[in-house]
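Q: File follows, data_39.tsv with TSV, C-alpha atoms:
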chain	number	residue	atom	x	y	z
A	796	MET	CA	-44.07	-79.41	-7.94
A	797	GLU	CA	-45.37	-75.86	-7.59
A	798	SER	CA	-43.03	-73.27	-6.09
A	799	SER	CA	-43.66	-72.08	-2.54
A	800	TYR	CA	-42.42	-68.63	-3.47
A	801	LYS	CA	-43.22	-66.44	-6.47
A	802	LEU	CA	-40.74	-64.01	-7.97
A	803	THR	CA	-41.68	-60.35	-8.30
A	804	PRO	CA	-38.69	-58.68	-10.03
A	805	GLN	CA	-40.56	-55.41	-10.49
A	806	ASP	CA	-40.63	-55.04	-6.67
A	807	TRP	CA	-37.03	-56.04	-5.95
A	808	VAL	CA	-35.69	-52.49	-5.74
A	809	ALA	CA	-38.40	-51.31	-3.35
A	810	LYS	CA	-38.31	-54.44	-1.23
A	811	TYR	CA	-34.67	-55.47	-1.07
A	812	SER	CA	-32.26	-52.93	-2.55
A	813	ASP	CA	-31.49	-51.07	0.71
A	814	GLU	CA	-30.93	-54.26	2.66
A	815	LEU	CA	-28.79	-55.84	-0.04
A	816	PHE	CA	-26.82	-52.63	-0.46
A	817	GLY	CA	-26.11	-52.43	3.30
A	818	PHE	CA	-25.02	-56.06	3.23
A	819	ALA	CA	-22.68	-55.49	0.27
A	820	PHE	CA	-21.30	-52.21	1.59
A	821	MET	CA	-20.37	-53.83	4.91
A	822	ARG	CA	-18.29	-56.32	3.00
A	823	VAL	CA	-16.62	-54.23	0.31
A	824	SER	CA	-16.41	-50.84	2.09
A	825	ASP	CA	-17.00	-48.95	-1.12
A	826	GLU	CA	-20.33	-47.48	-2.22
A	827	GLU	CA	-19.68	-47.70	-5.95
A	828	THR	CA	-18.58	-51.34	-5.75
A	829	ALA	CA	-21.57	-52.18	-3.55
A	830	ARG	CA	-23.91	-50.50	-6.07
A	831	ASP	CA	-22.33	-52.46	-8.93
A	832	LEU	CA	-22.70	-55.70	-6.99
A	833	ILE	CA	-26.41	-55.05	-6.41
A	834	GLN	CA	-26.93	-54.28	-10.08
A	835	ASP	CA	-25.04	-57.45	-11.10
A	836	THR	CA	-27.11	-59.43	-8.62
A	837	PHE	CA	-30.41	-58.23	-10.04
A	838	LEU	CA	-29.25	-58.75	-13.63
A	839	SER	CA	-27.96	-62.20	-12.83
A	840	ALA	CA	-31.24	-63.07	-11.08
A	841	LEU	CA	-33.25	-61.83	-14.06
A	842	LYS	CA	-31.22	-64.00	-16.42
A	843	ASN	CA	-31.83	-67.02	-14.20
A	844	LEU	CA	-35.51	-66.60	-13.39
A	845	GLU	CA	-36.16	-70.05	-14.84
A	846	SER	CA	-33.74	-71.69	-12.44
A	847	PHE	CA	-35.61	-70.40	-9.37
A	848	LYS	CA	-37.33	-73.45	-7.90
A	849	GLY	CA	-39.01	-71.71	-5.00
A	850	GLU	CA	-37.26	-73.84	-2.40
A	851	ILE	CA	-36.02	-70.70	-0.67
A	852	SER	CA	-37.60	-67.27	-0.49
A	853	GLU	CA	-37.03	-64.69	-3.18
A	854	LYS	CA	-35.07	-62.59	-0.69
A	855	ASN	CA	-32.79	-65.46	0.31
A	856	TRP	CA	-32.26	-66.34	-3.35
A	857	LEU	CA	-31.11	-62.76	-4.05
A	858	TYR	CA	-28.84	-62.89	-1.01
A	859	PHE	CA	-27.38	-66.17	-2.27
A	860	ILE	CA	-26.58	-64.59	-5.66
A	861	LEU	CA	-25.14	-61.48	-4.00
A	862	LYS	CA	-22.93	-63.55	-1.69
A	863	ASN	CA	-21.47	-65.34	-4.70
A	864	LYS	CA	-20.84	-62.01	-6.41
A	865	ILE	CA	-19.09	-60.74	-3.28
A	866	ILE	CA	-16.92	-63.88	-3.07
A	867	ASP	CA	-15.95	-63.35	-6.74
A	868	HIS	CA	-15.04	-59.79	-5.81
A	869	TYR	CA	-12.90	-60.95	-2.87
A	870	ARG	CA	-11.18	-63.53	-5.04
A	871	LYS	CA	-10.43	-61.00	-7.78
A	872	ASN	CA	-9.12	-58.35	-5.38
A	873	SER	CA	-7.00	-60.65	-3.28
A	874	LYS	CA	-5.06	-61.71	-6.37
A	875	THR	CA	-3.75	-58.30	-7.37
A	876	PRO	CA	0.06	-58.40	-7.10
A	877	LEU	CA	0.07	-55.02	-5.34
A	878	THR	CA	-1.95	-56.43	-2.46
A	879	ARG	CA	0.47	-59.27	-1.90
A	880	ILE	CA	3.49	-56.94	-2.01
A	881	ASP	CA	1.85	-54.39	0.30
A	882	ASP	CA	1.12	-57.12	2.76
A	883	GLU	CA	4.74	-58.21	2.83
A	884	ARG	CA	5.85	-54.61	3.31
A	885	GLU	CA	3.60	-54.29	6.33
A	886	HIS	CA	5.53	-57.03	8.01
A	887	ASP	CA	7.01	-55.97	11.32
A	888	GLU	CA	5.04	-52.78	11.62
A	889	PHE	CA	4.27	-53.86	15.15
A	890	PHE	CA	7.17	-56.06	16.24
A	891	THR	CA	10.94	-55.87	16.28
A	892	ASP	CA	13.14	-58.49	14.60
A	893	SER	CA	13.41	-60.26	17.95
A	894	GLY	CA	9.61	-60.49	18.18
A	895	HIS	CA	9.03	-57.85	20.84
A	896	TRP	CA	6.44	-55.09	20.58
A	897	LYS	CA	7.77	-51.93	19.03
A	898	LYS	CA	7.46	-49.01	21.43
A	899	GLU	CA	5.14	-47.05	19.13
A	900	ALA	CA	2.91	-50.10	18.63
A	901	LEU	CA	2.39	-50.99	22.30
A	902	PRO	CA	-1.31	-51.42	23.08
A	903	ASN	CA	-2.86	-48.96	25.54
A	904	PRO	CA	-5.89	-49.86	27.63
A	905	PHE	CA	-9.25	-48.75	26.27
A	906	ASN	CA	-10.67	-46.18	28.70
A	907	GLN	CA	-13.91	-46.43	30.66
A	908	ALA	CA	-15.86	-44.47	28.05
A	909	PHE	CA	-15.18	-47.26	25.57
A	910	ASN	CA	-18.17	-49.31	26.77
A	911	TYR	CA	-20.46	-46.35	26.17
A	912	GLN	CA	-18.85	-45.35	22.89
A	913	GLN	CA	-19.28	-48.76	21.33
A	914	GLN	CA	-23.07	-48.39	21.47
A	915	SER	CA	-22.97	-45.24	19.35
A	916	PHE	CA	-23.34	-44.81	15.63
A	917	GLU	CA	-20.12	-42.74	15.54
A	918	PHE	CA	-18.20	-45.64	16.95
A	919	TYR	CA	-19.17	-47.83	14.01
A	920	GLU	CA	-18.21	-45.02	11.63
A	921	ILE	CA	-14.76	-45.08	13.22
A	922	LEU	CA	-14.67	-48.85	12.86
A	923	GLU	CA	-15.58	-48.42	9.19
A	924	LYS	CA	-12.68	-45.98	8.76
A	925	CYS	CA	-10.35	-48.52	10.35
A	926	LYS	CA	-11.62	-51.23	8.03
A	927	ARG	CA	-10.75	-49.05	5.04
A	928	LYS	CA	-7.12	-48.98	6.18
A	929	LEU	CA	-6.85	-52.68	5.42
A	930	ASN	CA	-5.40	-53.66	2.07
A	931	GLU	CA	-7.54	-55.58	-0.42
A	932	LEU	CA	-6.45	-59.03	0.65
A	933	GLN	CA	-6.93	-58.17	4.32
A	934	LEU	CA	-10.31	-56.58	3.61
A	935	SER	CA	-11.50	-59.67	1.74
A	936	LEU	CA	-10.35	-61.92	4.54
A	937	PHE	CA	-11.81	-59.60	7.18
A	938	SER	CA	-15.22	-59.57	5.48
A	939	MET	CA	-15.28	-63.31	4.90
A	940	LYS	CA	-14.33	-64.08	8.49
A	941	PHE	CA	-16.08	-61.40	10.52
A	942	MET	CA	-19.06	-60.48	8.35
A	943	ASP	CA	-19.86	-63.76	6.62
A	944	GLU	CA	-18.45	-66.09	9.29
A	945	ILE	CA	-16.98	-68.38	6.65
A	946	ASP	CA	-14.70	-71.02	8.14
A	947	SER	CA	-10.95	-70.68	7.78
A	948	GLU	CA	-10.56	-73.66	5.46
A	949	GLU	CA	-12.97	-72.25	2.92
A	950	ILE	CA	-11.44	-68.78	3.15
A	951	CYS	CA	-7.98	-70.23	2.43
A	952	LYS	CA	-9.40	-72.07	-0.56
A	953	GLU	CA	-11.24	-69.06	-1.98
A	954	LEU	CA	-8.35	-66.62	-1.47
A	955	GLU	CA	-5.69	-69.19	-2.34
A	956	ILE	CA	-3.68	-68.66	0.81
A	957	SER	CA	-2.04	-71.22	3.08
A	958	SER	CA	-3.32	-71.94	6.57
A	959	SER	CA	-0.22	-70.33	8.12
A	960	ASN	CA	-0.71	-67.22	5.98
A	961	TYR	CA	-4.31	-67.09	7.13
A	962	TRP	CA	-3.31	-66.85	10.80
A	963	VAL	CA	-0.61	-64.29	10.08
A	964	LEU	CA	-3.16	-62.18	8.20
A	965	ILE	CA	-5.87	-62.47	10.86
A	966	HIS	CA	-3.34	-61.49	13.50
A	967	ARG	CA	-2.19	-58.51	11.44
A	968	ILE	CA	-5.78	-57.41	10.75
A	969	LYS	CA	-6.54	-57.44	14.46
A	970	LEU	CA	-3.37	-55.53	15.26
A	971	LYS	CA	-4.25	-52.89	12.68
A	972	ILE	CA	-7.90	-52.55	13.67
A	973	ARG	CA	-7.01	-52.35	17.36
A	974	LYS	CA	-4.33	-49.73	16.78
A	975	CYS	CA	-6.57	-47.71	14.48
A	976	LEU	CA	-9.43	-47.74	17.01
A	977	GLU	CA	-7.04	-46.58	19.71
A	978	ASN	CA	-5.73	-43.75	17.54
A	979	LEU	CA	-9.10	-42.54	16.31
A	980	LEU	CA	-10.99	-42.91	19.57
A	981	TYR	CA	-8.39	-41.48	21.87
A	982	GLY	CA	-5.85	-39.68	19.75
A	983	LYS	CA	-2.13	-40.09	20.08
A	984	GLN	CA	-1.97	-38.43	23.48
A	985	HIS	CA	-3.72	-41.45	25.07
B	1321	MET	CA	-0.63	-64.98	17.00
B	1322	LEU	CA	-1.52	-68.04	19.07
B	1323	SER	CA	-4.13	-66.04	20.98
B	1324	VAL	CA	-5.85	-65.17	17.70
B	1325	LYS	CA	-5.71	-68.81	16.65
B	1326	LYS	CA	-7.06	-69.98	20.01
B	1327	ALA	CA	-10.05	-67.65	19.66
B	1328	GLU	CA	-11.08	-69.50	16.52
B	1329	ILE	CA	-9.92	-73.10	16.77
B	1330	ASN	CA	-8.94	-75.67	19.35
B	1331	ILE	CA	-5.16	-75.38	19.45
B	1332	PRO	CA	-2.91	-78.27	20.61
B	1333	LEU	CA	-2.13	-78.58	24.32
B	1334	MET	CA	1.52	-77.60	23.78
B	1335	ASP	CA	0.42	-74.37	22.09
B	1336	LYS	CA	-2.07	-73.70	24.88
B	1337	LEU	CA	0.73	-74.02	27.44
B	1338	LYS	CA	3.06	-71.90	25.34
B	1339	LEU	CA	0.40	-69.20	25.11
B	1340	PHE	CA	-0.42	-69.43	28.80
B	1341	PHE	CA	3.19	-68.86	29.89
B	1342	HIS	CA	3.72	-66.21	27.26
B	1343	LEU	CA	0.69	-64.25	28.49
B	1344	ILE	CA	2.01	-64.45	32.05
B	1345	VAL	CA	5.22	-62.66	31.11
B	1346	CYS	CA	3.92	-60.33	28.39
B	1347	GLN	CA	1.52	-57.72	29.78
B	1348	TYR	CA	0.97	-56.09	26.38
B	1349	CYS	CA	0.06	-59.44	24.86
B	1350	ARG	CA	-2.47	-59.94	27.65
B	1351	LEU	CA	-3.93	-56.54	26.89
B	1352	PHE	CA	-4.00	-57.26	23.17
B	1353	ASP	CA	-5.68	-60.61	23.85
B	1354	LYS	CA	-8.37	-58.94	25.95
B	1355	GLN	CA	-8.98	-56.15	23.44
B	1356	SER	CA	-8.99	-58.60	20.57
B	1357	LYS	CA	-11.92	-60.41	22.21
B	1358	ILE	CA	-13.77	-57.10	22.63
B	1359	ILE	CA	-13.22	-56.31	18.95
B	1360	ASP	CA	-14.55	-59.77	17.96
B	1361	LYS	CA	-17.72	-59.06	19.92
B	1362	LEU	CA	-18.11	-55.62	18.37
B	1363	LEU	CA	-17.71	-56.97	14.88
B	1364	SER	CA	-20.36	-59.61	15.42
B	1365	ASN	CA	-22.89	-56.89	16.34
B	1366	TRP	CA	-21.99	-54.62	13.46
B	1367	LYS	CA	-24.82	-53.75	11.08
B	1368	SER	CA	-24.70	-51.23	8.27
B	1369	LYS	CA	-27.17	-48.36	8.09
B	1370	LYS	CA	-26.14	-47.47	4.55
B	1371	THR	CA	-28.96	-47.22	2.05
B	1372	LEU	CA	-29.18	-46.59	-1.68
B	1373	SER	CA	-30.03	-43.09	-2.89
B	1374	ASP	CA	-33.33	-42.52	-4.71
B	1375	ILE	CA	-31.38	-41.83	-7.91
B	1376	ASP	CA	-29.64	-45.20	-7.68
B	1377	LYS	CA	-32.93	-46.92	-6.94
B	1378	ASN	CA	-34.54	-45.32	-9.99
B	1379	THR	CA	-31.61	-46.39	-12.16
B	1380	LEU	CA	-31.87	-49.95	-10.89
B	1381	GLN	CA	-35.63	-49.98	-11.36
B	1382	ASN	CA	-35.23	-48.78	-14.97
B	1383	ILE	CA	-32.63	-51.49	-15.66
B	1384	ILE	CA	-34.93	-54.18	-14.29
B	1385	GLU	CA	-37.96	-52.93	-16.22
B	1386	LYS	CA	-35.92	-52.76	-19.42
B	1387	GLU	CA	-34.78	-56.36	-18.92
B	1388	LEU	CA	-38.32	-57.55	-18.21
B	1389	LYS	CA	-39.66	-56.14	-21.53
Please rewrite the model in this file as structure tokens.
A:
Amino acid sequence: MESSYKLTPQDWVAKYSDELFGFAFMRVSDEETARDLIQDTFLSALKNLESFKGEISEKNWLYFILKNKIIDHYRKNSKTPLTRIDDEREHDEFFTDSGHWKKEALPNPFNQAFNYQQQSFEFYEILEKCKRKLNELQLSLFSMKFMDEIDSEEICKELEISSSNYWVLIHRIKLKIRKCLENLLYGKQH
Amino acid sequence: MLSVKKAEINIPLMDKLKLFFHLIVCQYCRLFDKQSKIIDKLLSNWKSKKTLSDIDKNTLQNIIEKELK
């Protein structure tokens, strides 16, 4: 059967590199890593030109390879012992031993300007800064859940975490992102 | 944590009730729950505007052309 799509590797950089880079950067929050992932993706695609059957477009095929590279990256980073230890140390940053909010962690209402701010480019730069405050395990989980919309079961499998750990981590990520947004958007005087 | 769980999956009735009564008495949890939903919405609309520099593009292009030879 003849392929519906033809590969044009010489045009990949011009056609797809910006889009793939943006996609990778959103997920790994590091330009150098994103660049390396794009390079690995192109090299991997070049090595597997023969396996391309043309059932999906060239662009989607490159995305498919990149997504697998990103998942490998998540898996590798979430296994570093430092990440696991850091995550345990973060425990109770927001709550007391009795489970109540710590005074310094109490949420404040977002102000009226928040609706306007969230449309702006600066707002997403702030969100990016907040994302970088997550540790490697949290960042991997964050990207898989919120960027790639992978279901919880698969995330647990890929990152080798239990279901209960998953919910603890998601909760902690949201607490951190919310607090960071509050601090950076409004300052501590809010 | 139940509010985060509820946003993603269908939690058991007992947990729903537990969460309901907890949110009645905990004003900060209600606020967190509300803001957490706003953050979810923001994240789903988030797109990166980052692009590769021309130098990086040239490097990549050279790598590809070298491999194709």
Q: State, in Å with one decimal place, the distance from CA of Arg870 in chain A to CA of Lys1326 in chain B.
A: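 Calculated distance between CA of Arg870 in chain A and CA of Lys1326 in chain B is 26.2 Å.
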Q: Please identify every residue of chain A that has at least one atom no farther than 6 Å from an atom of chain B, counting all atoms listed in the file, and for each give the shortest atom pair and the distance in Å to one decimal, arranged by chain then increasing number, as JSON lines.
A:
{"residue": "A:Asp813", "atom": "CA", "partner": "B:Thr1371", "partner_atom": "CA", "distance": 4.8}
{"residue": "A:Gly817", "atom": "CA", "partner": "B:Lys1370", "partner_atom": "CA", "distance": 5.1}
{"residue": "A:His966", "atom": "CA", "partner": "B:Met1321", "partner_atom": "CA", "distance": 5.6}
Q: In Å, rounded to a single decimal, give me how far CA of Glu944 in chain A is from CA of Lys842 in chain A.
A: 28.8 Å
Q: Tell me, in Å to one decimal, how far CA of Ser957 in chain A is from CA of Met939 in chain A.
A: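 CA of Met939 in chain A lies at a distance of 15.5 Å from CA of Ser957 in chain A.
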Q: For a quick check of your reading of the model, name the residues lying within 12 Å of the coordinate (-29.7, -60.3, -13.7), counting all atoms listed in the file, and write them as a list of chain:residue names.
A: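 So the residues meeting the distance criterion are A:Pro804, A:Trp807, A:Asp831, A:Leu832, A:Ile833, A:Gln834, A:Asp835, A:Thr836, A:Phe837, A:Leu838, A:Ser839, A:Ala840, A:Leu841, A:Lys842, A:Asn843, A:Leu844, A:Glu845, A:Leu857, A:Ile860, A:Leu861, A:Lys864, B:Leu1380, B:Ile1383, B:Ile1384, B:Glu1385, B:Lys1386, B:Glu1387, B:Leu1388.
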